[in-house]
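Q: The structure follows.
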Amino acid sequence: MSYLKTKEEIAKMRKAGHIAALAMKEVEKVIKPGITTLEIDKLVDSVFRKNGAESAFKRVEGYKFSICATPNDWVVHGLPDNELLKDGDIVGIDLGCCIEGFNSDMAQTFAVGEVSEKVKEFIEAGEKALKEAIEEAKVGNRIGDISNKIQTIVEGRGFSVVKEFVGHGVGKELHEEPWVPGIGKKGTGEKLQGGLVIAIEVIYNQGKSAVEMLPDGWTIVTKDGSLAGLFERTVAVTDKGPVVLTSE
């Protein structure tokens with residue numbers, strides 16, 4: 001059952017979202033050829049600690065990093081490492097923090113140095129899908145309206161939505177009900193009510209949608225080796241419309 005938040009709880013989540021957004025802004029500043037995702041992880045952890053928050057991801061059993069990092073054909077849950085990012089790469093950074101007992105969750109895919117026009121178009125498709133999906137997160141709409149918007153834009157650009165991983169509710173737990181898939185039909189699924197807080201995620205591949213797990217037990221990659229993209233924001237459904245909590 002979905003847990004609706006009070007105005008006071010949403011205010012706490014806004015704090016967690018603000019800190020996450022500050023961390024992502026710092027990430028954007030350092031994304032360049034020659035940096036490692038492990039260095040990015042340490043940067044994010046320092047921003048969280050400086051602002052009195054803890055990593056939401058480190059609260060997940062068995063996970064020891066503050067971010068998930070997904071370069072190129074990595075899809076989700078990538079472990080940060082010492083591999084140097086190169087000019088022409090792309091990399092997704094997924095992060096979230098916890099403060100006052102409430103979580104935030106967000107992700108962004110970045111171009112590393114100069115990338116081709118084809119890659120730029122791939123990234124822009126994910127950004128557009130996220131932006132328009134967020135606009136569907138309003139009282140009276142349904143989960144399927146969000147899902148359908150993601151699917152329509154991603155597939156309309158010739159890319160594919162990853163079906164195995166979805167958006168989700170956020171609150172005292174990092175992952176709560178309801179689940180918010182990247183594919184669906186308009187007018188279906190749970191009705192959106194004021195107080196619902198969800199992480200809307202666009203998880204998509206440049207090639208086919210099939211994915212597989214690496215031997216590390218965490219990292220998911222595209223099966224055909226094509227590029228993968230990831231965009232996510234924590235959004236509150238309110239009587240005044242959708243409010244992105246993971247913002248500065």
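Ligands are numbered from 1 in the order shown, residues from 1 within each chain, and chains are lettered A, B, ... in the order they appear in the structure tokens.
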At a cut-off of 9 Å, using only C-alpha atoms, what residues contact A:Thr234? Leave out same-chain residues fewer than 2 positions from it and give the result as a PyMOL selection string.
A: chain A and resi 17+104-106+169-170+197-201+232+236+243-247
Q: Determine, for each residue of stretch 124-220 of chain A having at least one atom at most 10 Å from an atom of stretch 79-92 of chain A, the closest pair of atoms and their separation in Å to one decimal, counting only C-alpha atoms; order by chain and ascending number, as a Markdown table.
A:
| residue | atom | partner | partner_atom | distance |
| --- | --- | --- | --- | --- |
| A:Asp216 | CA | A:Leu79 | CA | 8.5 |
| A:Gly217 | CA | A:Leu79 | CA | 9.9 |
| A:Trp218 | CA | A:Leu79 | CA | 7.2 |
| A:Thr219 | CA | A:Leu79 | CA | 6.5 |
| A:Ile220 | CA | A:Leu79 | CA | 9.9 |
Q: Print the selection's residues with C-alpha atoms to a file, as a compact mmCIF listing (two decimals), in the first residue's frame.
A:
# COMPACT_ATOMS: atom_id res chain seq x y z
CA ASP A 216 29.81 -8.78 -9.09
CA GLY A 217 26.15 -9.44 -8.28
CA TRP A 218 25.16 -5.77 -8.61
CA THR A 219 25.98 -4.27 -11.99
CA ILE A 220 23.37 -4.58 -14.75
Q: Which residues of stretch 86-184 of chain A come within 9 Å of stretch 75-78 of chain A, and for each one, what is the closest pair of atoms and their distance in Å to one decimal, counting only C-alpha atoms, sorted by chain and residue number, as CSV?
A:
residue,atom,partner,partner_atom,distance
A:Gly92,CA,A:Val75,CA,8.2
A:Asp94,CA,A:His77,CA,8.2
A:Val162,CA,A:Val75,CA,8.7
A:Phe165,CA,A:Val76,CA,8.4
Q: To one decimal place in Å, what is the distance between atom CA of A:Asp224 and atom CA of A:Ile203?
A: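 Here the two named atoms are 15.6 Å from each other.
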Q: Go through stretch 64-182 of chain A residue by residue and, counting only C-alpha atoms, keep those with an atom at most 9 Å from stretch 21-29 of chain A; for each kept residue give the shortest atom pair and its distance in Å to one decimal, ordered by chain and increasing number, as a tab-separated table.
A:
residue	atom	partner	partner_atom	distance
A:Ile93	CA	A:Met24	CA	8.2
A:Asp94	CA	A:Met24	CA	8.9
A:Leu95	CA	A:Met24	CA	7.9
A:Gly96	CA	A:Ala21	CA	8.9
A:Met106	CA	A:Ala21	CA	7.9
A:Ala107	CA	A:Met24	CA	8.2
A:Gln108	CA	A:Met24	CA	8.0
A:Phe110	CA	A:Glu28	CA	7.6
Q: Just to be explicit: take each residue in the selection above, keep N, CA, C and O atoms, and write the result as a PDB file, in the first residue's frame.
A:
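Contents of part21.pdb, freshly written:
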ATOM      1  N   ILE A  93      25.022   8.713 -13.100  1.00  0.00           N
ATOM      2  CA  ILE A  93      25.312   8.783 -11.669  1.00  0.00           C
ATOM      3  C   ILE A  93      23.984   8.783 -10.912  1.00  0.00           C
ATOM      4  O   ILE A  93      23.142   9.659 -11.111  1.00  0.00           O
ATOM      5  N   ASP A  94      23.810   7.782 -10.076  1.00  0.00           N
ATOM      6  CA  ASP A  94      22.593   7.609  -9.281  1.00  0.00           C
ATOM      7  C   ASP A  94      22.978   7.827  -7.821  1.00  0.00           C
ATOM      8  O   ASP A  94      23.934   7.204  -7.325  1.00  0.00           O
ATOM      9  N   LEU A  95      22.259   8.708  -7.117  1.00  0.00           N
ATOM     10  CA  LEU A  95      22.608   9.010  -5.732  1.00  0.00           C
ATOM     11  C   LEU A  95      21.369   9.392  -4.939  1.00  0.00           C
ATOM     12  O   LEU A  95      20.327   9.731  -5.494  1.00  0.00           O
ATOM     13  N   GLY A  96      21.495   9.324  -3.634  1.00  0.00           N
ATOM     14  CA  GLY A  96      20.399   9.727  -2.752  1.00  0.00           C
ATOM     15  C   GLY A  96      20.918   9.795  -1.334  1.00  0.00           C
ATOM     16  O   GLY A  96      21.910   9.138  -0.990  1.00  0.00           O
ATOM     17  N   MET A 106      17.902  10.300  -6.919  1.00  0.00           N
ATOM     18  CA  MET A 106      17.941  10.968  -8.214  1.00  0.00           C
ATOM     19  C   MET A 106      19.083  10.412  -9.058  1.00  0.00           C
ATOM     20  O   MET A 106      20.022   9.822  -8.533  1.00  0.00           O
ATOM     21  N   ALA A 107      18.990  10.596 -10.360  1.00  0.00           N
ATOM     22  CA  ALA A 107      20.041  10.128 -11.261  1.00  0.00           C
ATOM     23  C   ALA A 107      20.114  11.032 -12.482  1.00  0.00           C
ATOM     24  O   ALA A 107      19.118  11.648 -12.885  1.00  0.00           O
ATOM     25  N   GLN A 108      21.299  11.074 -13.075  1.00  0.00           N
ATOM     26  CA  GLN A 108      21.532  11.892 -14.261  1.00  0.00           C
ATOM     27  C   GLN A 108      22.581  11.213 -15.121  1.00  0.00           C
ATOM     28  O   GLN A 108      23.562  10.658 -14.600  1.00  0.00           O
ATOM     29  N   PHE A 110      25.476  11.830 -17.940  1.00  0.00           N
ATOM     30  CA  PHE A 110      26.332  12.910 -18.419  1.00  0.00           C
ATOM     31  C   PHE A 110      27.161  12.452 -19.613  1.00  0.00           C
ATOM     32  O   PHE A 110      27.587  11.299 -19.685  1.00  0.00           O
TER      33      PHE A 110
END
Q: Report, in Å to a single decimal, how far apart atom CA of A:Glu135 and atom CA of A:Ile19 are.
A: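 A separation of 22.7 Å between them.
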Q: I'd like the contact shell of stretch 174-181 of chain A - 6 Å cut-off, only C-alpha atoms, skipping same-chain residues fewer than 4 positions apart - returned as a PDB file with C-alpha atoms, in the first residue's frame.
A:
ATOM      1  CA  SER A   2       1.268   3.472  -0.859  1.00  0.00           C
ATOM      2  CA  ASN A 103      15.255   9.593   1.789  1.00  0.00           C
ATOM      3  CA  SER A 147       4.661   5.087 -17.535  1.00  0.00           C
ATOM      4  CA  VAL A 166      11.283   0.651 -12.416  1.00  0.00           C
ATOM      5  CA  GLY A 167      10.605   3.826 -10.476  1.00  0.00           C
ATOM      6  CA  HIS A 168       9.167   3.580  -6.987  1.00  0.00           C
ATOM      7  CA  GLY A 169       7.788   5.300  -3.948  1.00  0.00           C
ATOM      8  CA  VAL A 170      10.253   7.072  -1.629  1.00  0.00           C
TER       9      VAL A 170
END
Q: Would you give me, as a short mmCIF file (atom, residue, chain, number, x, y, z; two decimals) with N, CA, C and O atoms, in the first residue's frame, the residues in stretch 38-218 of chain A that DSSP reads as helix (DSSP H, G or I)?
A:
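Contents of selection.cif, as written:
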data_model
loop_
_atom_site.label_atom_id
_atom_site.label_comp_id
_atom_site.auth_asym_id
_atom_site.auth_seq_id
_atom_site.Cartn_x
_atom_site.Cartn_y
_atom_site.Cartn_z
N LEU A 38 35.04 6.16 -8.73
CA LEU A 38 35.34 6.05 -7.31
C LEU A 38 35.65 7.43 -6.72
O LEU A 38 35.25 7.74 -5.58
N GLU A 39 36.32 8.28 -7.50
CA GLU A 39 36.57 9.66 -7.05
C GLU A 39 35.24 10.42 -6.93
O GLU A 39 35.04 11.21 -5.99
N ILE A 40 34.33 10.17 -7.87
CA ILE A 40 33.02 10.81 -7.81
C ILE A 40 32.26 10.35 -6.58
O ILE A 40 31.60 11.14 -5.89
N ASP A 41 32.36 9.08 -6.26
CA ASP A 41 31.71 8.53 -5.07
C ASP A 41 32.19 9.24 -3.81
O ASP A 41 31.38 9.61 -2.94
N LYS A 42 33.49 9.45 -3.69
CA LYS A 42 34.04 10.12 -2.52
C LYS A 42 33.58 11.57 -2.45
O LYS A 42 33.31 12.11 -1.35
N LEU A 43 33.48 12.22 -3.60
CA LEU A 43 32.99 13.60 -3.64
C LEU A 43 31.56 13.68 -3.13
O LEU A 43 31.23 14.53 -2.29
N VAL A 44 30.70 12.79 -3.62
CA VAL A 44 29.30 12.79 -3.19
C VAL A 44 29.18 12.52 -1.70
O VAL A 44 28.42 13.19 -0.98
N ASP A 45 29.95 11.57 -1.20
CA ASP A 45 29.92 11.25 0.22
C ASP A 45 30.31 12.46 1.06
O ASP A 45 29.71 12.73 2.11
N SER A 46 31.29 13.23 0.58
CA SER A 46 31.73 14.41 1.33
C SER A 46 30.65 15.49 1.37
O SER A 46 30.48 16.17 2.39
N VAL A 47 29.91 15.64 0.27
CA VAL A 47 28.82 16.62 0.24
C VAL A 47 27.72 16.21 1.22
O VAL A 47 27.19 17.04 1.96
N PHE A 48 27.41 14.93 1.25
CA PHE A 48 26.39 14.45 2.19
C PHE A 48 26.82 14.75 3.62
O PHE A 48 26.05 15.29 4.42
N ARG A 49 28.05 14.38 3.98
CA ARG A 49 28.52 14.54 5.36
C ARG A 49 28.59 16.01 5.74
O ARG A 49 28.23 16.39 6.86
N LYS A 50 29.01 16.86 4.81
CA LYS A 50 29.10 18.30 5.06
C LYS A 50 27.74 18.89 5.39
O LYS A 50 27.63 19.86 6.15
N PHE A 57 22.12 5.04 -0.08
CA PHE A 57 22.54 3.78 -0.69
C PHE A 57 23.35 2.92 0.27
O PHE A 57 23.28 1.69 0.23
N LYS A 58 24.12 3.57 1.16
CA LYS A 58 24.89 2.80 2.14
C LYS A 58 23.99 2.14 3.18
O LYS A 58 24.45 1.26 3.92
N ARG A 59 22.75 2.55 3.23
CA ARG A 59 21.79 1.92 4.13
C ARG A 59 21.20 0.63 3.54
O ARG A 59 20.49 -0.09 4.22
N GLU A 117 26.80 13.38 -32.22
CA GLU A 117 25.43 13.88 -32.27
C GLU A 117 24.43 12.77 -31.95
O GLU A 117 23.40 13.00 -31.31
N LYS A 118 24.75 11.57 -32.38
CA LYS A 118 23.87 10.42 -32.12
C LYS A 118 23.76 10.16 -30.62
O LYS A 118 22.67 9.88 -30.11
N VAL A 119 24.86 10.30 -29.91
CA VAL A 119 24.86 10.09 -28.46
C VAL A 119 24.13 11.25 -27.78
O VAL A 119 23.37 11.04 -26.81
N LYS A 120 24.33 12.46 -28.27
CA LYS A 120 23.61 13.61 -27.72
C LYS A 120 22.10 13.41 -27.84
O LYS A 120 21.34 13.70 -26.91
N GLU A 121 21.66 12.90 -28.97
CA GLU A 121 20.23 12.65 -29.19
C GLU A 121 19.71 11.59 -28.22
O GLU A 121 18.58 11.67 -27.74
N PHE A 122 20.54 10.60 -27.94
CA PHE A 122 20.17 9.55 -27.00
C PHE A 122 19.97 10.13 -25.61
O PHE A 122 18.96 9.86 -24.93
N ILE A 123 20.89 10.96 -25.16
CA ILE A 123 20.79 11.57 -23.84
C ILE A 123 19.58 12.51 -23.77
O ILE A 123 18.82 12.50 -22.80
N GLU A 124 19.39 13.29 -24.81
CA GLU A 124 18.28 14.25 -24.83
C GLU A 124 16.93 13.55 -24.76
O GLU A 124 15.97 14.07 -24.17
N ALA A 125 16.83 12.35 -25.34
CA ALA A 125 15.57 11.59 -25.29
C ALA A 125 15.21 11.24 -23.85
O ALA A 125 14.05 11.33 -23.45
N GLY A 126 16.21 10.84 -23.08
CA GLY A 126 15.95 10.51 -21.68
C GLY A 126 15.57 11.72 -20.86
O GLY A 126 14.66 11.65 -20.01
N GLU A 127 16.22 12.84 -21.12
CA GLU A 127 15.89 14.08 -20.40
C GLU A 127 14.47 14.52 -20.71
O GLU A 127 13.72 14.92 -19.80
N LYS A 128 14.09 14.42 -21.97
CA LYS A 128 12.74 14.82 -22.38
C LYS A 128 11.69 13.89 -21.77
O LYS A 128 10.65 14.35 -21.27
N ALA A 129 11.97 12.60 -21.78
CA ALA A 129 11.03 11.63 -21.21
C ALA A 129 10.82 11.89 -19.73
O ALA A 129 9.69 11.84 -19.23
N LEU A 130 11.90 12.18 -19.00
CA LEU A 130 11.77 12.46 -17.57
C LEU A 130 10.95 13.73 -17.33
O LEU A 130 10.02 13.74 -16.52
N LYS A 131 11.29 14.79 -18.05
CA LYS A 131 10.60 16.06 -17.87
C LYS A 131 9.09 15.92 -18.12
O LYS A 131 8.27 16.38 -17.31
N GLU A 132 8.72 15.25 -19.19
CA GLU A 132 7.30 15.13 -19.51
C GLU A 132 6.59 14.12 -18.62
O GLU A 132 5.39 14.27 -18.35
N ALA A 133 7.32 13.11 -18.15
CA ALA A 133 6.72 12.14 -17.21
C ALA A 133 6.41 12.82 -15.89
O ALA A 133 5.36 12.55 -15.27
N ILE A 134 7.29 13.71 -15.44
CA ILE A 134 7.05 14.44 -14.19
C ILE A 134 5.77 15.26 -14.28
O ILE A 134 5.00 15.35 -13.32
N GLU A 135 5.51 15.85 -15.44
CA GLU A 135 4.30 16.66 -15.63
C GLU A 135 3.02 15.85 -15.47
O GLU A 135 1.95 16.40 -15.20
N ILE A 143 -0.71 5.98 -12.34
CA ILE A 143 0.68 5.56 -12.59
C ILE A 143 0.90 5.31 -14.08
O ILE A 143 1.94 5.68 -14.64
N GLY A 144 -0.08 4.70 -14.73
CA GLY A 144 0.05 4.39 -16.15
C GLY A 144 0.25 5.60 -17.03
O GLY A 144 0.84 5.50 -18.11
N ASP A 145 -0.23 6.77 -16.58
CA ASP A 145 -0.02 7.99 -17.36
C ASP A 145 1.45 8.38 -17.38
O ASP A 145 1.98 8.84 -18.40
N ILE A 146 2.12 8.19 -16.25
CA ILE A 146 3.56 8.45 -16.16
C ILE A 146 4.32 7.44 -17.01
O ILE A 146 5.18 7.80 -17.81
N SER A 147 3.98 6.17 -16.82
CA SER A 147 4.66 5.09 -17.54
C SER A 147 4.52 5.24 -19.04
O SER A 147 5.49 5.08 -19.80
N ASN A 148 3.30 5.56 -19.49
CA ASN A 148 3.05 5.68 -20.91
C ASN A 148 3.82 6.83 -21.53
O ASN A 148 4.29 6.74 -22.67
N LYS A 149 3.97 7.92 -20.78
CA LYS A 149 4.72 9.07 -21.31
C LYS A 149 6.18 8.69 -21.53
O LYS A 149 6.76 9.03 -22.58
N ILE A 150 6.77 7.97 -20.58
CA ILE A 150 8.15 7.52 -20.74
C ILE A 150 8.28 6.62 -21.95
O ILE A 150 9.14 6.82 -22.82
N GLN A 151 7.41 5.64 -22.04
CA GLN A 151 7.46 4.68 -23.15
C GLN A 151 7.29 5.35 -24.50
O GLN A 151 8.03 5.07 -25.45
N THR A 152 6.32 6.25 -24.59
CA THR A 152 6.02 6.92 -25.85
C THR A 152 7.21 7.71 -26.37
O THR A 152 7.55 7.65 -27.56
N ILE A 153 7.86 8.44 -25.48
CA ILE A 153 8.99 9.28 -25.91
C ILE A 153 10.21 8.43 -26.23
O ILE A 153 10.86 8.61 -27.27
N VAL A 154 10.55 7.51 -25.34
CA VAL A 154 11.74 6.69 -25.56
C VAL A 154 11.61 5.84 -26.82
O VAL A 154 12.51 5.84 -27.69
N GLU A 155 10.50 5.14 -26.94
CA GLU A 155 10.33 4.28 -28.12
C GLU A 155 10.11 5.11 -29.38
O GLU A 155 10.49 4.69 -30.47
N GLY A 156 9.51 6.29 -29.22
CA GLY A 156 9.30 7.17 -30.37
C GLY A 156 10.60 7.67 -30.97
O GLY A 156 10.65 8.02 -32.16
#
Q: Which of stretch 13-147 of chain A counts as strand (DSSP E) under DSSP, as number ranges by chain please?
A: A: 54-55, 67-71, 74-76, 90-95, 97-99, 102-103, 106-111
Q: Just write the chosen residues, C-alpha atoms, as a short mmCIF file (atom, residue, chain, number, x, y, z; two decimals), in the first residue's frame.
A:
data_model
loop_
_atom_site.label_atom_id
_atom_site.label_comp_id
_atom_site.auth_asym_id
_atom_site.auth_seq_id
_atom_site.Cartn_x
_atom_site.Cartn_y
_atom_site.Cartn_z
CA GLU A 54 24.07 10.08 5.22
CA SER A 55 24.06 8.13 1.99
CA ILE A 67 26.53 6.30 -5.66
CA CYS A 68 25.81 3.81 -8.39
CA ALA A 69 27.85 4.60 -11.50
CA THR A 70 26.91 3.36 -14.96
CA PRO A 71 29.30 4.21 -17.81
CA TRP A 74 26.07 -0.27 -17.80
CA VAL A 75 22.38 0.19 -16.99
CA VAL A 76 21.85 0.40 -13.21
CA ILE A 90 28.70 8.69 -21.13
CA VAL A 91 28.11 7.94 -17.46
CA GLY A 92 25.01 7.73 -15.30
CA ILE A 93 25.31 8.78 -11.67
CA ASP A 94 22.59 7.61 -9.28
CA LEU A 95 22.61 9.01 -5.73
CA CYS A 97 20.71 10.71 0.88
CA CYS A 98 18.83 10.33 4.14
CA ILE A 99 18.23 13.08 6.70
CA PHE A 102 13.59 10.45 5.10
CA ASN A 103 15.26 9.59 1.79
CA MET A 106 17.94 10.97 -8.21
CA ALA A 107 20.04 10.13 -11.26
CA GLN A 108 21.53 11.89 -14.26
CA THR A 109 23.41 10.73 -17.35
CA PHE A 110 26.33 12.91 -18.42
CA ALA A 111 28.42 13.17 -21.56
#
